[in-house]
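Engineer: input.csv is reproduced below (CSV, C-alpha atoms).
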```csv
chain,number,residue,atom,x,y,z
W,1,MET,CA,-61.7,-104.0,157.8
W,2,PRO,CA,-63.7,-106.2,160.3
W,3,TYR,CA,-65.1,-104.4,163.3
W,4,ARG,CA,-63.2,-106.7,165.7
W,5,GLU,CA,-59.9,-105.8,163.9
W,6,LYS,CA,-60.7,-102.1,164.3
W,7,ILE,CA,-61.2,-102.6,168.0
W,8,ALA,CA,-57.9,-104.5,168.3
W,9,TRP,CA,-56.1,-101.7,166.5
W,10,LEU,CA,-57.7,-99.1,168.8
W,11,SER,CA,-56.7,-101.0,171.9
W,12,LEU,CA,-53.1,-101.5,170.6
W,13,LEU,CA,-52.6,-97.9,169.5
W,14,ALA,CA,-54.2,-96.5,172.7
W,15,MET,CA,-51.8,-98.6,174.8
W,16,LEU,CA,-48.8,-97.6,172.7
W,17,ALA,CA,-49.7,-94.0,172.7
W,18,VAL,CA,-50.1,-93.8,176.5
W,19,PHE,CA,-47.8,-96.4,177.9
W,20,ILE,CA,-44.7,-95.8,175.8
W,21,PRO,CA,-44.3,-92.3,177.2
W,22,TYR,CA,-45.1,-93.5,180.7
W,23,PHE,CA,-42.5,-96.3,180.7
W,24,THR,CA,-39.9,-94.1,179.0
W,25,TRP,CA,-40.4,-91.3,181.5
W,26,THR,CA,-40.4,-93.8,184.4
W,27,SER,CA,-37.1,-95.5,183.2
W,28,LEU,CA,-35.4,-92.1,182.8
W,29,ASN,CA,-36.8,-90.7,186.1
W,30,PRO,CA,-37.1,-93.7,188.5
W,31,PRO,CA,-39.6,-93.0,191.3
W,32,GLY,CA,-38.1,-92.3,194.7
W,33,PRO,CA,-38.4,-94.7,197.7
W,34,GLU,CA,-40.7,-92.4,199.7
W,35,ILE,CA,-44.0,-94.0,200.7
W,36,PRO,CA,-46.6,-92.9,199.6
W,37,ASN,CA,-45.0,-91.5,196.4
W,38,LEU,CA,-47.9,-89.3,195.5
W,39,LYS,CA,-46.2,-87.7,192.5
W,40,HIS,CA,-45.7,-91.1,190.8
W,41,MET,CA,-49.1,-92.3,191.9
W,42,ALA,CA,-50.6,-89.3,190.2
W,43,LEU,CA,-48.6,-90.0,187.0
W,44,TYR,CA,-49.8,-93.6,187.2
W,45,ALA,CA,-53.4,-92.5,187.6
W,46,VAL,CA,-53.2,-89.9,184.8
W,47,THR,CA,-51.7,-92.5,182.4
W,48,SER,CA,-54.4,-95.1,183.2
W,49,LEU,CA,-57.2,-92.5,182.9
W,50,SER,CA,-55.9,-91.2,179.6
W,51,TRP,CA,-55.8,-94.8,178.3
W,52,ALA,CA,-59.4,-95.4,179.4
W,53,ALA,CA,-60.5,-92.1,177.9
W,54,ILE,CA,-58.9,-92.8,174.5
W,55,LEU,CA,-60.4,-96.3,174.6
W,56,GLY,CA,-63.9,-95.1,175.5
W,57,ILE,CA,-64.0,-92.3,172.9
W,58,GLY,CA,-62.5,-94.7,170.3
W,59,HIS,CA,-65.2,-97.3,171.0
W,60,LEU,CA,-67.9,-94.7,170.7
W,61,LEU,CA,-66.6,-93.5,167.4
W,62,LEU,CA,-66.2,-97.0,166.0
W,63,ARG,CA,-69.7,-98.0,167.1
W,64,ARG,CA,-71.0,-94.9,165.3
W,65,SER,CA,-69.2,-95.6,162.1
W,66,SER,CA,-69.9,-99.4,162.1
W,67,GLN,CA,-73.3,-99.6,163.7
W,68,ASP,CA,-74.5,-102.8,162.0
W,69,GLU,CA,-71.3,-104.7,162.6
W,70,ALA,CA,-71.0,-103.5,166.2
W,71,LYS,CA,-74.4,-104.9,167.1
W,72,LEU,CA,-73.4,-108.4,165.9
W,73,PRO,CA,-72.1,-110.8,168.6
W,74,MET,CA,-68.7,-112.5,168.1
W,75,ASP,CA,-69.1,-115.4,165.7
W,76,GLU,CA,-67.2,-118.7,166.0
W,77,ARG,CA,-64.2,-117.4,164.0
W,78,ASP,CA,-64.0,-114.3,166.1
W,79,ILE,CA,-64.0,-116.4,169.3
W,80,ALA,CA,-61.4,-118.8,167.8
W,81,ILE,CA,-59.1,-115.8,167.0
W,82,SER,CA,-59.6,-114.3,170.4
W,83,HIS,CA,-59.0,-117.6,172.1
W,84,LYS,CA,-55.8,-118.3,170.3
W,85,ALA,CA,-54.5,-114.7,170.8
W,86,ARG,CA,-55.3,-115.0,174.5
W,87,GLY,CA,-53.1,-118.1,174.7
W,88,TYR,CA,-50.1,-116.2,173.5
W,89,ALA,CA,-50.9,-113.3,175.8
W,90,TYR,CA,-51.2,-115.7,178.7
W,91,GLY,CA,-47.7,-117.0,178.1
W,92,VAL,CA,-46.3,-113.5,178.3
W,93,LEU,CA,-48.4,-112.6,181.3
W,94,ILE,CA,-47.5,-115.8,183.3
W,95,THR,CA,-43.8,-115.3,182.4
W,96,GLY,CA,-44.0,-111.7,183.7
W,97,MET,CA,-45.7,-112.7,186.9
W,98,ILE,CA,-43.2,-115.4,187.6
W,99,VAL,CA,-40.4,-112.8,187.2
W,100,VAL,CA,-42.3,-110.2,189.2
W,101,GLY,CA,-43.6,-112.4,192.0
W,102,GLY,CA,-40.9,-115.1,192.1
W,103,PHE,CA,-37.6,-113.3,191.5
W,104,MET,CA,-37.9,-109.5,191.8
W,105,PRO,CA,-38.9,-109.5,195.6
W,106,PHE,CA,-35.3,-110.8,196.3
W,107,THR,CA,-33.5,-108.2,194.2
W,108,ASN,CA,-35.8,-105.2,193.8
W,109,GLY,CA,-38.5,-103.4,195.6
W,110,GLY,CA,-41.4,-100.9,195.6
W,111,TRP,CA,-42.1,-99.1,192.3
W,112,GLU,CA,-39.7,-101.3,190.3
W,113,ILE,CA,-41.8,-104.4,191.1
W,114,ALA,CA,-45.1,-102.5,190.5
W,115,ASN,CA,-43.9,-101.0,187.2
W,116,THR,CA,-42.5,-104.3,185.9
W,117,ALA,CA,-45.9,-106.0,186.7
W,118,PHE,CA,-47.7,-103.1,185.0
W,119,PHE,CA,-45.3,-103.4,182.0
W,120,MET,CA,-45.9,-107.1,181.7
W,121,ILE,CA,-49.7,-106.6,181.8
W,122,VAL,CA,-49.5,-104.0,179.1
W,123,LEU,CA,-47.1,-106.2,177.0
W,124,ALA,CA,-49.5,-109.2,177.3
W,125,GLU,CA,-52.4,-107.0,176.2
W,126,CYS,CA,-50.3,-105.8,173.2
W,127,VAL,CA,-49.4,-109.4,172.3
W,128,TYR,CA,-53.2,-110.2,172.4
W,129,CYS,CA,-54.1,-107.3,170.2
W,130,ALA,CA,-51.2,-107.9,167.7
W,131,ASN,CA,-52.2,-111.5,167.4
W,132,VAL,CA,-55.9,-110.7,166.8
W,133,ILE,CA,-54.9,-108.1,164.1
W,134,ARG,CA,-52.5,-110.7,162.5
W,135,ALA,CA,-55.2,-113.3,162.3
W,136,TYR,CA,-57.8,-110.9,160.7
W,137,ARG,CA,-55.2,-109.6,158.3
W,138,ARG,CA,-54.2,-113.1,157.2
W,139,HIS,CA,-57.9,-114.3,157.2
W,140,VAL,CA,-56.9,-117.2,159.5
W,141,ALA,CA,-58.1,-118.3,162.9
P,1,MET,CA,-52.0,-135.6,160.6
P,2,SER,CA,-51.9,-134.1,157.1
P,3,GLY,CA,-55.0,-133.5,154.9
P,4,VAL,CA,-56.8,-130.6,153.3
P,5,ILE,CA,-60.5,-129.5,153.6
P,6,SER,CA,-61.8,-128.0,150.4
P,7,ASN,CA,-65.2,-126.6,149.7
P,8,ASN,CA,-67.6,-125.7,146.9
P,9,LEU,CA,-69.1,-122.6,148.6
P,10,ARG,CA,-68.3,-120.2,145.7
P,11,THR,CA,-70.0,-122.5,143.2
P,12,LEU,CA,-73.0,-123.2,145.5
P,13,ARG,CA,-73.5,-119.5,146.1
P,14,PHE,CA,-73.4,-118.9,142.4
P,15,MET,CA,-75.9,-121.6,141.8
P,16,ASN,CA,-78.2,-120.1,144.4
P,17,GLY,CA,-78.8,-116.8,142.7
P,18,GLU,CA,-75.3,-115.4,143.2
P,19,MET,CA,-76.0,-115.3,147.0
P,20,SER,CA,-73.6,-112.9,148.6
P,21,GLN,CA,-71.1,-113.8,151.3
P,22,ALA,CA,-72.9,-111.4,153.6
P,23,GLU,CA,-76.3,-113.1,153.0
P,24,LEU,CA,-74.9,-116.6,153.6
P,25,GLY,CA,-73.2,-115.3,156.7
P,26,LEU,CA,-76.4,-113.8,158.0
P,27,ARG,CA,-78.3,-117.0,157.4
P,28,ILE,CA,-75.9,-119.2,159.3
P,29,GLY,CA,-74.9,-116.7,162.0
P,30,VAL,CA,-71.4,-115.7,161.0
P,31,THR,CA,-69.8,-112.6,159.5
P,32,ARG,CA,-69.0,-112.0,155.8
P,33,GLN,CA,-65.3,-112.1,156.7
P,34,THR,CA,-65.8,-115.6,158.2
P,35,ILE,CA,-67.5,-116.8,155.0
P,36,ALA,CA,-64.6,-115.3,153.0
P,37,ALA,CA,-62.0,-117.1,155.2
P,38,ILE,CA,-63.9,-120.4,154.8
P,39,GLU,CA,-64.1,-120.0,151.0
P,40,ALA,CA,-60.4,-119.3,150.8
P,41,GLY,CA,-59.7,-122.5,152.9
P,42,LYS,CA,-58.1,-120.4,155.6
P,43,TYR,CA,-60.6,-121.3,158.3
P,44,SER,CA,-62.4,-124.6,159.0
P,45,PRO,CA,-65.9,-123.9,160.3
P,46,SER,CA,-67.5,-125.8,163.2
P,47,LEU,CA,-69.6,-128.9,162.4
P,48,LYS,CA,-72.7,-126.9,163.3
P,49,ALA,CA,-71.9,-124.1,160.9
P,50,ALA,CA,-71.0,-126.6,158.2
P,51,PHE,CA,-74.3,-128.4,158.5
P,52,ARG,CA,-76.1,-125.0,158.5
P,53,MET,CA,-74.4,-124.1,155.2
P,54,ALA,CA,-75.5,-127.4,153.7
P,55,ASP,CA,-79.0,-126.8,154.9
P,56,VAL,CA,-79.1,-123.3,153.4
P,57,PHE,CA,-78.1,-124.8,150.0
P,58,GLY,CA,-80.3,-127.9,150.4
P,59,VAL,CA,-77.5,-130.3,149.7
P,60,PRO,CA,-75.7,-133.0,151.7
P,61,LEU,CA,-72.6,-131.8,153.7
P,62,ALA,CA,-70.3,-133.8,151.4
P,63,GLU,CA,-71.3,-131.5,148.5
P,64,VAL,CA,-70.2,-128.5,150.4
P,65,PHE,CA,-67.0,-129.7,152.0
P,66,GLN,CA,-64.5,-132.4,150.9
P,67,TRP,CA,-61.7,-133.9,152.8
P,68,ASP,CA,-58.5,-134.9,150.9
P,69,ALA,CA,-56.4,-137.0,153.3
P,70,LYS,CA,-53.3,-136.9,151.0
P,71,GLY,CA,-53.4,-133.1,150.6
```
Using the file provided, produce a representation of the structure as structure tokens.
Structural biologist:
Amino acid sequence: MPYREKIAWLSLLAMLAVFIPYFTWTSLNPPGPEIPNLKHMALYAVTSLSWAAILGIGHLLLRRSSQDEAKLPMDERDIAISHKARGYAYGVLITGMIVVGGFMPFTNGGWEIANTAFFMIVLAECVYCANVIRAYRRHVA
Amino acid sequence: MSGVISNNLRTLRFMNGEMSQAELGLRIGVTRQTIAAIEAGKYSPSLKAAFRMADVFGVPLAEVFQWDAKG
């Protein structure tokens, strides 16, 4: 498996492992309207830090196990794959931002807007990783 | 526009002392996986990489890649 595909798997799995519980918990226990909502902010912080920690440790382990490949810069196909995947992710992200910034302020507020924006960012990143993995698995660019 | 790009990379590698995909990749600055994708016709390299490949094998570009407009 190419090193860049491993990195994409790591990013995707780290996001799924951390953000699925976060969004499930948040939808079942919507944060209250109090400002500042320190309890929810703490959950938000712990989730983000857990994700960063998994990603950091994963990168270190992958670099150790694929030292030669890890040192190589992205070649033209890696760049083409990344560019194409970013195009799909951008579509998801811009749709989400239109919903969050253009519609939700008139119907929702506070944490609902923040969490929807957060969700769309995570979804866009998942779409990016999934498309990178798909391209490497099918050997296309 | 339809058309298919084919290549003789496998043959050229064989004729150059069974050069490995990794070695060819190293010489033109791409990964082994990229060479495998090019050989399989699933990725079309940049013009620069194509010329580098022809240079490695010491043949004109047309001997490495062919274009079939009807394909």
Engineer: I'd like to know which of P:Val64, P:Ala22, P:Val59, P:Ala49 is closest to Ser6 in chain P, using all atoms listed in the file.
Structural biologist: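 The shortest atom-to-atom distance to Ser6 in chain P comes from P:Val64.
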Engineer: Find the residues around range 2-11 of chain W up to 10 Å (only C-alpha atoms counted), leave out those fewer than 2 positions away in its own chain, and share them as a PyMOL selection string.
Structural biologist: (chain W and resi 13-17+51-52+54-56+58-59+62-63+65-70+72+74+78+82+125-126+128-137) or (chain P and resi 31-34)
Engineer: With a distance threshold of 8 Å and counting only C-alpha atoms, extract the residues of chain W near chain P and express them as a VMD selection string.
Structural biologist: chain W and resid 2 75 to 77 139 to 141
Engineer: As a ChimeraX atom specification, please: the residues near Ile5 in chain P (cut-off 9 Å, only C-alpha atoms, same-chain neighbours under 4 positions excluded).
Structural biologist: /P:41,44,65-69,71
Engineer: Would you compute the distance between CA of Thr11 in chain P and CA of Ile81 in chain W? Give it in Å to one decimal.
Structural biologist: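 That distance, rounded to one decimal, is 27.0 Å.
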Engineer: Just the number, please: distance in Å from CA of Glu23 in chain P to CA of Ala85 in chain W, one decimal.
Structural biologist: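 Atom-to-atom, CA of Glu23 in chain P and CA of Ala85 in chain W are spaced 28.2 Å apart.
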Engineer: Work out how far apart CA of Arg52 in chain P and CA of Gly87 in chain W are and give it in Å to one decimal.
Structural biologist: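 Answer for the CA of Arg52 in chain P to CA of Gly87 in chain W separation: 29.0 Å.
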Engineer: Where's the centre, and what are the edge lengths in Å to one decimal, of a box along x, y and z enclosing all listed atoms of range 31-34 of chain W padded 6 Å per side, as lines of an AutoDock Vina configuration file?
Structural biologist:
```
center_x = -39.4
center_y = -93.5
center_z = 195.5
size_x = 14.6
size_y = 14.4
size_z = 20.4
```
Engineer: Can you list, as a short mmCIF file (atom, residue, chain, number, x, y, z; two decimals) with C-alpha atoms, keeping the file's coordinate frame, every protein, DNA or RNA residue that comes within 9 Å of Tyr22 in chain W when you count all atoms listed in the file, leaving out same-chain residues fewer than 5 positions away?
Structural biologist:
```
data_model
loop_
_atom_site.label_atom_id
_atom_site.label_comp_id
_atom_site.auth_asym_id
_atom_site.auth_seq_id
_atom_site.Cartn_x
_atom_site.Cartn_y
_atom_site.Cartn_z
CA SER W 27 -37.10 -95.50 183.20
CA LEU W 43 -48.60 -90.00 187.00
CA TYR W 44 -49.80 -93.60 187.20
CA THR W 47 -51.70 -92.50 182.40
#
```
Engineer: Which is closer to Asn115 in chain W than all the others in W:Ile79, W:Gly96, W:Pro36, W:Gly102, using all atoms listed in the file?
Structural biologist: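 Of all the options, W:Gly96 lies closest to Asn115 in chain W.
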Engineer: Keeping N, CA and C atoms (and nothing else), can you write range 26-52 of chain P of this structure as a PDB file, in the first residue's frame?
Structural biologist:
```
ATOM      1  N   LEU P  26      12.577   5.919  -9.702  1.00  0.00           N
ATOM      2  CA  LEU P  26      13.648   6.681  -9.048  1.00  0.00           C
ATOM      3  C   LEU P  26      14.356   7.581 -10.061  1.00  0.00           C
ATOM      4  N   ARG P  27      14.566   7.044 -11.264  1.00  0.00           N
ATOM      5  CA  ARG P  27      15.322   7.799 -12.271  1.00  0.00           C
ATOM      6  C   ARG P  27      14.535   8.957 -12.867  1.00  0.00           C
ATOM      7  N   ILE P  28      13.191   8.846 -12.848  1.00  0.00           N
ATOM      8  CA  ILE P  28      12.433   9.982 -13.410  1.00  0.00           C
ATOM      9  C   ILE P  28      11.728  10.803 -12.327  1.00  0.00           C
ATOM     10  N   GLY P  29      11.871  10.372 -11.077  1.00  0.00           N
ATOM     11  CA  GLY P  29      11.331  11.172  -9.969  1.00  0.00           C
ATOM     12  C   GLY P  29       9.875  10.928  -9.647  1.00  0.00           C
ATOM     13  N   VAL P  30       9.419   9.680  -9.827  1.00  0.00           N
ATOM     14  CA  VAL P  30       8.057   9.324  -9.395  1.00  0.00           C
ATOM     15  C   VAL P  30       8.129   8.015  -8.603  1.00  0.00           C
ATOM     16  N   THR P  31       7.021   7.641  -7.981  1.00  0.00           N
ATOM     17  CA  THR P  31       7.028   6.419  -7.175  1.00  0.00           C
ATOM     18  C   THR P  31       6.808   5.178  -8.058  1.00  0.00           C
ATOM     19  N   ARG P  32       7.097   4.013  -7.465  1.00  0.00           N
ATOM     20  CA  ARG P  32       6.870   2.746  -8.165  1.00  0.00           C
ATOM     21  C   ARG P  32       5.395   2.601  -8.543  1.00  0.00           C
ATOM     22  N   GLN P  33       4.523   3.042  -7.636  1.00  0.00           N
ATOM     23  CA  GLN P  33       3.083   2.929  -7.895  1.00  0.00           C
ATOM     24  C   GLN P  33       2.662   3.758  -9.107  1.00  0.00           C
ATOM     25  N   THR P  34       3.305   4.893  -9.286  1.00  0.00           N
ATOM     26  CA  THR P  34       2.972   5.736 -10.447  1.00  0.00           C
ATOM     27  C   THR P  34       3.403   5.052 -11.742  1.00  0.00           C
ATOM     28  N   ILE P  35       4.574   4.429 -11.716  1.00  0.00           N
ATOM     29  CA  ILE P  35       5.027   3.685 -12.906  1.00  0.00           C
ATOM     30  C   ILE P  35       4.041   2.548 -13.203  1.00  0.00           C
ATOM     31  N   ALA P  36       3.602   1.853 -12.154  1.00  0.00           N
ATOM     32  CA  ALA P  36       2.644   0.750 -12.347  1.00  0.00           C
ATOM     33  C   ALA P  36       1.339   1.267 -12.947  1.00  0.00           C
ATOM     34  N   ALA P  37       0.886   2.428 -12.484  1.00  0.00           N
ATOM     35  CA  ALA P  37      -0.357   3.008 -13.005  1.00  0.00           C
ATOM     36  C   ALA P  37      -0.187   3.437 -14.465  1.00  0.00           C
ATOM     37  N   ILE P  38       0.989   3.971 -14.796  1.00  0.00           N
ATOM     38  CA  ILE P  38       1.246   4.386 -16.187  1.00  0.00           C
ATOM     39  C   ILE P  38       1.271   3.147 -17.090  1.00  0.00           C
ATOM     40  N   GLU P  39       1.995   2.120 -16.644  1.00  0.00           N
ATOM     41  CA  GLU P  39       2.081   0.879 -17.426  1.00  0.00           C
ATOM     42  C   GLU P  39       0.713   0.271 -17.687  1.00  0.00           C
ATOM     43  N   ALA P  40      -0.137   0.351 -16.684  1.00  0.00           N
ATOM     44  CA  ALA P  40      -1.483  -0.238 -16.808  1.00  0.00           C
ATOM     45  C   ALA P  40      -2.430   0.665 -17.606  1.00  0.00           C
ATOM     46  N   GLY P  41      -1.930   1.823 -18.033  1.00  0.00           N
ATOM     47  CA  GLY P  41      -2.752   2.739 -18.817  1.00  0.00           C
ATOM     48  C   GLY P  41      -3.803   3.462 -17.984  1.00  0.00           C
ATOM     49  N   LYS P  42      -3.595   3.487 -16.667  1.00  0.00           N
ATOM     50  CA  LYS P  42      -4.591   4.135 -15.800  1.00  0.00           C
ATOM     51  C   LYS P  42      -4.206   5.560 -15.422  1.00  0.00           C
ATOM     52  N   TYR P  43      -3.006   5.932 -15.747  1.00  0.00           N
ATOM     53  CA  TYR P  43      -2.575   7.309 -15.482  1.00  0.00           C
ATOM     54  C   TYR P  43      -1.694   7.781 -16.627  1.00  0.00           C
ATOM     55  N   SER P  44      -2.017   8.962 -17.138  1.00  0.00           N
ATOM     56  CA  SER P  44      -1.195   9.547 -18.206  1.00  0.00           C
ATOM     57  C   SER P  44      -0.208  10.516 -17.574  1.00  0.00           C
ATOM     58  N   PRO P  45       1.091  10.268 -17.772  1.00  0.00           N
ATOM     59  CA  PRO P  45       2.091  11.129 -17.113  1.00  0.00           C
ATOM     60  C   PRO P  45       2.155  12.510 -17.757  1.00  0.00           C
ATOM     61  N   SER P  46       2.821  13.424 -17.072  1.00  0.00           N
ATOM     62  CA  SER P  46       3.034  14.760 -17.650  1.00  0.00           C
ATOM     63  C   SER P  46       4.007  14.614 -18.815  1.00  0.00           C
ATOM     64  N   LEU P  47       4.038  15.621 -19.650  1.00  0.00           N
ATOM     65  CA  LEU P  47       4.940  15.606 -20.803  1.00  0.00           C
ATOM     66  C   LEU P  47       6.397  15.498 -20.336  1.00  0.00           C
ATOM     67  N   LYS P  48       6.686  16.203 -19.227  1.00  0.00           N
ATOM     68  CA  LYS P  48       8.053  16.192 -18.700  1.00  0.00           C
ATOM     69  C   LYS P  48       8.459  14.770 -18.278  1.00  0.00           C
ATOM     70  N   ALA P  49       7.554  14.082 -17.556  1.00  0.00           N
ATOM     71  CA  ALA P  49       7.867  12.718 -17.120  1.00  0.00           C
ATOM     72  C   ALA P  49       7.980  11.782 -18.325  1.00  0.00           C
ATOM     73  N   ALA P  50       7.132  11.994 -19.315  1.00  0.00           N
ATOM     74  CA  ALA P  50       7.180  11.144 -20.514  1.00  0.00           C
ATOM     75  C   ALA P  50       8.517  11.303 -21.227  1.00  0.00           C
ATOM     76  N   PHE P  51       8.969  12.544 -21.365  1.00  0.00           N
ATOM     77  CA  PHE P  51      10.270  12.776 -22.013  1.00  0.00           C
ATOM     78  C   PHE P  51      11.416  12.189 -21.197  1.00  0.00           C
ATOM     79  N   ARG P  52      11.296  12.278 -19.875  1.00  0.00           N
ATOM     80  CA  ARG P  52      12.337  11.700 -19.016  1.00  0.00           C
ATOM     81  C   ARG P  52      12.424  10.192 -19.217  1.00  0.00           C
TER      82      ARG P  52
END
```
